[in-house]
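To start, the structure itself, in structure tokens.
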Amino acid sequence: MRSLVLSGILLASAGAARAQGAGPLPPLPPGPLSLTQTIELGRVRGVQTALARSAEHLAEARVGQRRADLLPSVGAGLTYVRQTLNLEEFGLEGFSGITDPFNVFRVQLRASQSLIDPAAWARLHAAKDSVLAAGLDVQTAGALSGAAAGVAWLRVFSAEETVRAREADSTVAGDLLEQARRSLEAGVSAAIDLTRSRVNFGSVRSQLSVARNARDRARLDLAQTLRVPPSQPIAIAADTTLEPLPIPAGADSAVAWALAHRPEVAAERQRLAVLNRARRAIRAEYLPSLGASGFVQTSGTHVDGLSRSWEVQLGITVPILDGFRRQYRSQEQGVRIEAQEIRLRDLTMQVEGEARAAVLDLASAREQVEIALEREQLATEELRQAGDRFTAGVAGSLETSSAQLNLTAARDALIQARVAYGIARVGAERALGMIGSADK
């Protein structure tokens with residue numbers, strides 16, 4: 001019995017140690033963060049992940065509670081009683097009247113142990129299945145947090161690309177302004193061309209200021225998503241969003257992959273198993289249970305004259321009727337199982353739709369990037385030709401300003417297309433269950 005008690009204490013201590021927390025957050029890696037690194041950091045550092053991990057610890061604590069039904073129960077007691085007795089109530093001949101007050105000292109050590117209890121074992125297995133479901137919930141929360149961190153990284157990337165594009169526009173606008181000034185001094189162009197160039201240069205500078213502010217705000221949002229102090233600078237790596245994503249070819253293959261790797265699908269299946277276990281535990285309550293108990297005590301009327309006594313008993317409990325409570329509990333559990341089956345079917349269809357949509361969005365986003373790249377190349381060539389015509393005096397600043405606006409729009413379209421592809425990529429990883437997956 002002593003070994004059983006020690007085992008129970010060790011198990012309870014281990015569960016308490018796990019429930020104290022997940023420990024410190026993992027540090028940020030040195031150097032700029034890539035999109036993949038940011039997703040992984042968001043997965044393990046996200047607030048929702050931490051809350052889901054706390055729920056997992058609660059489920060582990062419940063396992064300990066269910067295990068306690070099968071472990072020994074040991075207690076001790078020390079009592080002192082000052083009393084009198086009515087001897088007539090015992091029905092003994094020759095003994096009558098009330099005794100004088102006397103003392104009773106008692107020191108007792110008692111223990112009990114469940115030997116056979118099918119219902120308790122079934123409840124323990126159901127609690128263990130709940131821990132597995134909670135662990136899958138942690139993976140689900142991690143995937144959502146990782147996807148949110150990836151989107152925040154893409155916003156920073158978009159903002160920094162926009163700043164670089166506006167800086168390039170400012171350089172071009174400054175060159176065109178200087179060119180317009182020289183042309184006016186040489187008498188080749190009119191004063192209106194210089195005025196247009198100045199207006200265009202001022203507009204680009206204003207856009208650059210707005211872009212820098214948006215970049216700084218996006219960095220703050222990324223720091224909040226990663227649970228990093230806002231004062232800590234975060235640098236992101238160069239564009240890696242166009243790297244090919246190894247996803248299954250074809251919508252049907254993607255659906256099969258998603259159903260096999262999405263943690264929330266596995267969690268709902270595990271919850272269905274928990275409900276079935278719980279129903280079996282209710283039905284197991286119809287079976288007999290066997291237990292043992294006993295005590296050892298020393299007692300007497302004087303401390304220096306205590307005598308030892310003991311008791312050991314072995315009992316079997318046979319449930320017969322509890323007012324049909326078990327039947328109704330089993331019926332209630334059956335309704336819960338039906339509802340869980342509905343949720344599982346609905347989630348399966350939802351995951352299938354998300355997987356198919358992710359494949360379509362990813363292909364469309366990549367095509368948009370290719371179109372935007374071609375558009376930027378054409379707009380750059382248009383601006384070069386307009387600049388040559390302006391230098392030669394065969395065109396005015398209106399043509400160069402229009403060409404620069406086209407180039408600005410083309411650059412913005414390319415940035416948006418790259419970000420859209422990045423979002424589609426993150427969405428595909430999330431939809432197919434690739435975030436945090438060992439099979440990725």
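In the structure tokens, the first chain shown is A, the next is B, and so on; residue numbers restart at 1 for each chain, and ligands run from 1 in the order shown.
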
Find the residues around A:Pro24 up to 12 Å (only C-alpha atoms counted), leave out those fewer than 5 positions away in its own chain, and share them as an mmCIF file with C-alpha atoms, in the first residue's frame.
```cif
data_model
loop_
_atom_site.group_PDB
_atom_site.id
_atom_site.type_symbol
_atom_site.label_atom_id
_atom_site.label_comp_id
_atom_site.auth_asym_id
_atom_site.auth_seq_id
_atom_site.Cartn_x
_atom_site.Cartn_y
_atom_site.Cartn_z
ATOM 1 C CA VAL A 44 4.226 29.277 -30.202
ATOM 2 C CA ARG A 45 3.997 32.838 -28.829
ATOM 3 C CA ALA A 50 -1.188 30.223 -24.421
ATOM 4 C CA ARG A 227 3.987 39.484 -27.904
#
```

### Task
Extract, using only C-alpha atoms, all DNA, RNA and protein residues at most 10 Å from A:Ala266, discarding same-chain residues fewer than 6 positions from it, and format them as a ChimeraX atom specification.
/A:132-133,136-137,140,259-260,272,344

### Message
I need the residue nearest A:Ala358 from this list: A:Arg53, A:Arg205, A:Arg106, A:Arg425. Use only C-alpha atoms for the distance.
### Response
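Residue with the minimum atom-to-atom distance to A:Ala358: A:Arg425.
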
#### Entry: Nearest to A:Ser330 by atom-to-atom distance, counting only C-alpha atoms, from A:Arg280, A:Arg164, A:His125, A:Arg308
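Going through A:Arg280, A:Arg164, A:His125, A:Arg308 one by one, the smallest distance to A:Ser330 is for A:Arg280.
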
### Message
I need the residues of stretch 55-264 of chain A that end up classed as helix (DSSP H, G or I) by DSSP on the backbone, written out as a PyMOL selection string.
### Response
chain A and resi 55-68+87-90+118-185+191-225+251-261+263-264

### Message
List the spatial neighbours of A:Gly305 as a PyMOL selection string - criterion: any atom at most 12 Å away, only C-alpha atoms, same-chain residues fewer than 4 positions off excluded.
### Response
chain A and resi 103-106+298-301

Those same residues, written as a PDB file, in the first residue's frame with C-alpha atoms?
```
ATOM      1  CA  ASN A 103     -11.837  10.042  29.197  1.00  0.00           C
ATOM      2  CA  VAL A 104     -11.313   8.231  25.882  1.00  0.00           C
ATOM      3  CA  PHE A 105      -8.131   8.756  23.890  1.00  0.00           C
ATOM      4  CA  ARG A 106      -7.991   7.399  20.311  1.00  0.00           C
ATOM      5  CA  THR A 298      -4.880   2.643  19.744  1.00  0.00           C
ATOM      6  CA  SER A 299      -7.410   3.744  22.328  1.00  0.00           C
ATOM      7  CA  GLY A 300      -8.040   3.795  26.047  1.00  0.00           C
ATOM      8  CA  THR A 301      -9.098   5.892  29.004  1.00  0.00           C
TER       9      THR A 301
END
```
